[in-house]
Amino acid sequence: MEKEIRLSFFKRLKMSIFDFDKYHVIAGEGLGRAMMYLVKLILLFSLIMSLAYIFKFSQIIDEAMNYVQEQVPNFYFQDNTFSLESENDVIIENHEYMDFKIILSNAETYNEDEMRDFDGMVVTLTKNNILLKQANSTSIITQSYEEISNTFDVNQINKEFILNYANGENGYTLLANVFAVVFVSIFLTYSMTGILDTIALSLLGFIITRIIRLPLKYGAIYSISISAITLSVIINLIYMITNLFTGFVIPYFQIMYTLVSYVYLIAVLLIMRSEIIKKKVQIQVQILNKELKEEPMEDKTKQENKKEDKKEEKDQKEKSEGKINNNDNPEPQANIRER
């Protein structure tokens with residue numbers, strides 16, 4: 001019974017990136033363990049990305065609260081009515097993280113065409129209603145504060161309340177909720193992406209193994225494909241975090257990200273084929289050396305047998321000659337009788 005191969009997650013992670021010549025061990029671990037490795041890899045990716053998003057989100061919240069505290073006049077809701085302690089409209093606009101605009105106004109209505117002209121998201125708070133326009137859309141949703149108050153107590157909301165909410169325990173609760181939503185969203189998205197990528201990669205591997213005549217089952221090829229995307233996933237993780245905090249963009253990164261896994265797969269399959277050929281050559285050399293060692297022994301035995309045969313022939317010849325000589329010369333026997 002063959003011993004089952006078991007690799008820890010981080011050992012397989014290291015082997016998948018650095019040890020091309022050990023992919024036969026990965027192929028022998030089994031499809032079930034390979035799938036479990038893929039799930040853990042995506043979980044790790046989702047966890048790190050979610051933490052990065054939450055860290056960035058907390059920075060945005062801190063910057064927003066500082067801006068509200070220093071630049072935005074006091075505002076509050078009373079009797080389902082919004083009031084701003086300013087004669088002029090207040091516009092909060094941002095383009096660094098995402099295109100959005102928040103407009104605070106004491107007017108009963110607001111120019112909707114002006115909202116539509118903005119490509120990003122627009123939220124407008126007027127005296128009696130809140131208006132919302134999504135990014136890359138021209139439709140505007142209008143909802144009254146009276147309708148909102150049936151679900152939320154908006155009369156308790158003012159500038160001080162928002163600042164205390166963001167800086168207190170409720171702020172941590174908000175971050176925890178956002179983290180949960182982001183984590184689940186990233187995990188589900190990249191789980192589907194990972195499965196589709198590994199299937200496409202394994203199909204390519206199946207074709208290559210048939211071309212180079214490498215005796216591998218599809219399950220082993222799929223297991224190798226899962227490990228082959230490891231470096232691509234890590235590179236993508238680094239790029240996304242860098243882009244999140246610096247805005248750095250690499251053109252056609254998705255193509256390069258995909259090519260890395262394909263190069264890994266092809267290199268591994270060619271190395272495995274080379275190792276099989278090398279082992280076959282070693283076996284043939286061992287057989288040849290064994291035959292060469294056995295041949296001198298056989299020749300020596302044959303020579304000794306020939307010597308023994310010649311010796312026996314010589315002895316027989318001498319004996320036969322002795323008998324002939326005795327038969328030709330009977331005189332000694334006669335002389336003995338006369339005496």
# chains A, B, ... in the order shown; residues from 1 in each chain; ligands from 1
call {"tool": "closest_atom_pairs", "arguments": {"of": "region 24-141 of chain A", "to": "region 152-168 of chain A", "cutoff": "10 Å", "atoms": "only C-alpha atoms", "output": "Markdown table"}}
result
| residue | atom | partner | partner_atom | distance |
| --- | --- | --- | --- | --- |
| A:Ser58 | CA | A:Ala166 | CA | 9.6 |
| A:Ile61 | CA | A:Ala166 | CA | 7.6 |
| A:Asp62 | CA | A:Ala166 | CA | 8.3 |
| A:Ala64 | CA | A:Leu163 | CA | 9.8 |
| A:Met65 | CA | A:Leu163 | CA | 6.4 |
| A:Asn66 | CA | A:Leu163 | CA | 8.9 |
| A:Val68 | CA | A:Lys159 | CA | 7.9 |
| A:Gln69 | CA | A:Leu163 | CA | 7.5 |
| A:Val72 | CA | A:Lys159 | CA | 8.6 |
| A:Pro73 | CA | A:Lys159 | CA | 8.1 |
| A:Asn74 | CA | A:Lys159 | CA | 5.6 |
| A:Phe75 | CA | A:Asn158 | CA | 5.4 |
| A:Tyr76 | CA | A:Asn158 | CA | 4.1 |
| A:Phe77 | CA | A:Asn155 | CA | 4.8 |
| A:Gln78 | CA | A:Asn155 | CA | 5.2 |
| A:Asp79 | CA | A:Asn155 | CA | 6.7 |
| A:Asn80 | CA | A:Asn155 | CA | 6.8 |
| A:Thr81 | CA | A:Asn155 | CA | 8.4 |
| A:Phe82 | CA | A:Asn155 | CA | 9.1 |
| A:Ser83 | CA | A:Asn158 | CA | 9.4 |
| A:Leu84 | CA | A:Asn158 | CA | 9.7 |
call {"tool": "residues_around", "arguments": {"residues": "Phe118 (chain A)", "least_positions_apart": "3", "cutoff": "10 Å", "atoms": "only C-alpha atoms", "output": "ChimeraX atom specification"}}
result
/A:99-101,113-115,121-122,133-138
call {"tool": "atom_distance", "arguments": {"atom1": "CA of Ser139 (chain A)", "atom2": "CA of Val184 (chain A)"}}
result
29.4 Å
call {"tool": "atom_distance", "arguments": {"atom1": "CA of Ala34 (chain A)", "atom2": "CA of Ser223 (chain A)"}}
result
5.3 Å
call {"tool": "residues_around", "arguments": {"residues": "Ser261 (chain A)", "least_positions_apart": "3", "cutoff": "10 Å", "atoms": "only C-alpha atoms", "output": "list in words"}}
result
Asp197, Thr198, Leu201, Ser225, Ile226, Ser227, Ala228, Ile229, Thr230, Leu231, Ser232, Val233, Met256, Tyr257, Thr258, Tyr264, Leu265, Ile266 and Ala267 of chain A
call {"tool": "write_last_selection", "arguments": {"atoms": "C-alpha atoms", "output": "CSV table (one decimal), in the first residue's frame"}}
result
chain,number,residue,atom,x,y,z
A,197,ASP,CA,-8.4,29.8,-14.4
A,198,THR,CA,-7.2,26.4,-13.2
A,201,LEU,CA,-4.8,25.9,-17.4
A,225,SER,CA,-2.3,23.7,-12.4
A,226,ILE,CA,-3.5,24.8,-9.0
A,227,SER,CA,0.0,25.1,-7.8
A,228,ALA,CA,1.1,26.8,-11.0
A,229,ILE,CA,-1.2,29.8,-10.3
A,230,THR,CA,0.3,30.4,-6.9
A,231,LEU,CA,2.9,32.9,-8.0
A,232,SER,CA,0.3,34.7,-10.2
A,233,VAL,CA,-2.1,35.0,-7.2
A,256,MET,CA,1.1,39.3,-17.7
A,257,TYR,CA,-0.6,37.8,-14.6
A,258,THR,CA,-2.1,35.0,-16.7
A,264,TYR,CA,5.1,27.8,-14.8
A,265,LEU,CA,2.9,24.9,-16.1
A,266,ILE,CA,4.8,24.4,-19.3
A,267,ALA,CA,8.2,24.5,-17.5
call {"tool": "select_by_dssp", "arguments": {"residues": "region 127-222 of chain A", "states": "helix (DSSP H, G or I)", "output": "compact mmCIF listing (two decimals) with C-alpha atoms, in the first residue's frame"}}
result
# COMPACT_ATOMS: atom_id res chain seq x y z
CA TYR A 145 -37.03 62.21 5.14
CA GLU A 146 -40.45 61.20 6.39
CA GLU A 147 -40.13 57.88 4.53
CA ILE A 148 -36.61 57.38 5.86
CA SER A 149 -37.67 58.15 9.45
CA VAL A 154 -33.11 60.85 11.48
CA ASN A 155 -34.09 63.47 14.07
CA GLN A 156 -31.09 62.41 16.14
CA LYS A 159 -22.83 67.00 12.81
CA GLU A 160 -21.83 66.14 16.38
CA PHE A 161 -23.64 62.80 16.22
CA ILE A 162 -21.81 61.77 13.01
CA LEU A 163 -18.41 62.75 14.45
CA ASN A 164 -19.04 60.82 17.68
CA TYR A 165 -20.40 57.84 15.77
CA ALA A 166 -17.33 57.61 13.54
CA ASN A 167 -14.82 58.06 16.39
CA GLU A 169 -17.27 52.16 19.36
CA ASN A 170 -19.85 52.41 16.61
CA GLY A 171 -16.99 53.26 14.26
CA TYR A 172 -15.33 49.91 15.02
CA THR A 173 -18.65 48.16 14.50
CA LEU A 174 -18.96 49.87 11.12
CA LEU A 175 -15.44 48.76 10.14
CA ALA A 176 -16.19 45.19 11.25
CA ASN A 177 -19.37 45.10 9.16
CA VAL A 178 -17.60 46.53 6.15
CA PHE A 179 -14.77 43.99 6.60
CA ALA A 180 -17.25 41.08 6.65
CA VAL A 181 -18.99 42.29 3.49
CA VAL A 182 -15.71 42.93 1.65
CA PHE A 183 -14.19 39.59 2.72
CA VAL A 184 -17.18 37.53 1.57
CA SER A 185 -17.39 39.48 -1.70
CA ILE A 186 -13.68 39.01 -2.51
CA PHE A 187 -13.70 35.32 -1.54
CA LEU A 188 -16.72 34.48 -3.70
CA THR A 189 -15.41 36.48 -6.66
CA TYR A 190 -11.91 35.02 -6.63
CA SER A 191 -13.15 31.49 -5.91
CA MET A 192 -14.99 31.52 -9.22
CA THR A 193 -12.04 33.17 -10.95
CA GLY A 194 -9.60 30.65 -9.48
CA ILE A 195 -11.68 27.65 -10.56
CA LEU A 196 -12.09 28.99 -14.11
CA ASP A 197 -8.38 29.85 -14.39
CA THR A 198 -7.23 26.42 -13.17
CA ILE A 199 -9.65 24.61 -15.50
CA ALA A 200 -8.33 26.56 -18.50
CA LEU A 201 -4.75 25.95 -17.37
CA SER A 202 -5.31 22.22 -16.83
CA LEU A 203 -6.85 21.84 -20.31
CA LEU A 204 -3.71 23.38 -21.78
CA GLY A 205 -1.63 21.03 -19.64
CA PHE A 206 -3.64 18.04 -20.86
CA ILE A 207 -2.93 18.98 -24.48
CA ILE A 208 0.78 19.49 -23.79
CA THR A 209 1.14 16.13 -22.00
CA ARG A 210 -0.34 14.37 -25.00
CA ILE A 211 1.99 16.19 -27.39
CA TYR A 218 -6.05 14.69 -15.74
CA GLY A 219 -6.40 14.80 -11.94
CA ALA A 220 -2.62 15.12 -11.56
CA ILE A 221 -2.53 17.82 -14.26
CA TYR A 222 -5.27 19.80 -12.48
call {"tool": "atom_distance", "arguments": {"atom1": "CA of Ser105 (chain A)", "atom2": "CA of Asn88 (chain A)"}}
result
7.3 Å
call {"tool": "closest_residue", "arguments": {"among": "A:Leu132, A:Val285, A:Leu244, A:Ile235", "to": "Lys56 (chain A)", "atoms": "only C-alpha atoms"}}
result
A:Leu244
call {"tool": "residues_around", "arguments": {"residues": "Leu125 (chain A)", "least_positions_apart": "6", "cutoff": "7 Å", "atoms": "only C-alpha atoms", "output": "list of chain:residue names"}}
result
A:Ile103, A:Leu104, A:Ser105, A:Leu131
call {"tool": "residues_around", "arguments": {"residues": "Lys11 (chain A)", "least_positions_apart": "4", "cutoff": "12 Å", "atoms": "only C-alpha atoms", "output": "list in words"}}
result
Arg6, Leu7, Met15, Ser16, Ile17, Phe18, Asp19, Lys22, Val25, Ile26, Tyr37 and Ser227 of chain A
call {"tool": "residues_around", "arguments": {"residues": "Ile250 (chain A)", "least_positions_apart": "6", "cutoff": "12 Å", "atoms": "only C-alpha atoms", "output": "list in words"}}
result
Asn236, Tyr239, Met240, Thr242, Asn243, Met256 and Tyr257 of chain A
call {"tool": "select_by_dssp", "arguments": {"residues": "region 29-165 of chain A", "states": "strand (DSSP E or B)", "output": "PyMOL selection string"}}
result
chain A and resi 75-77+82-84+90-94+100-104+121-125+129-133+140-144+158
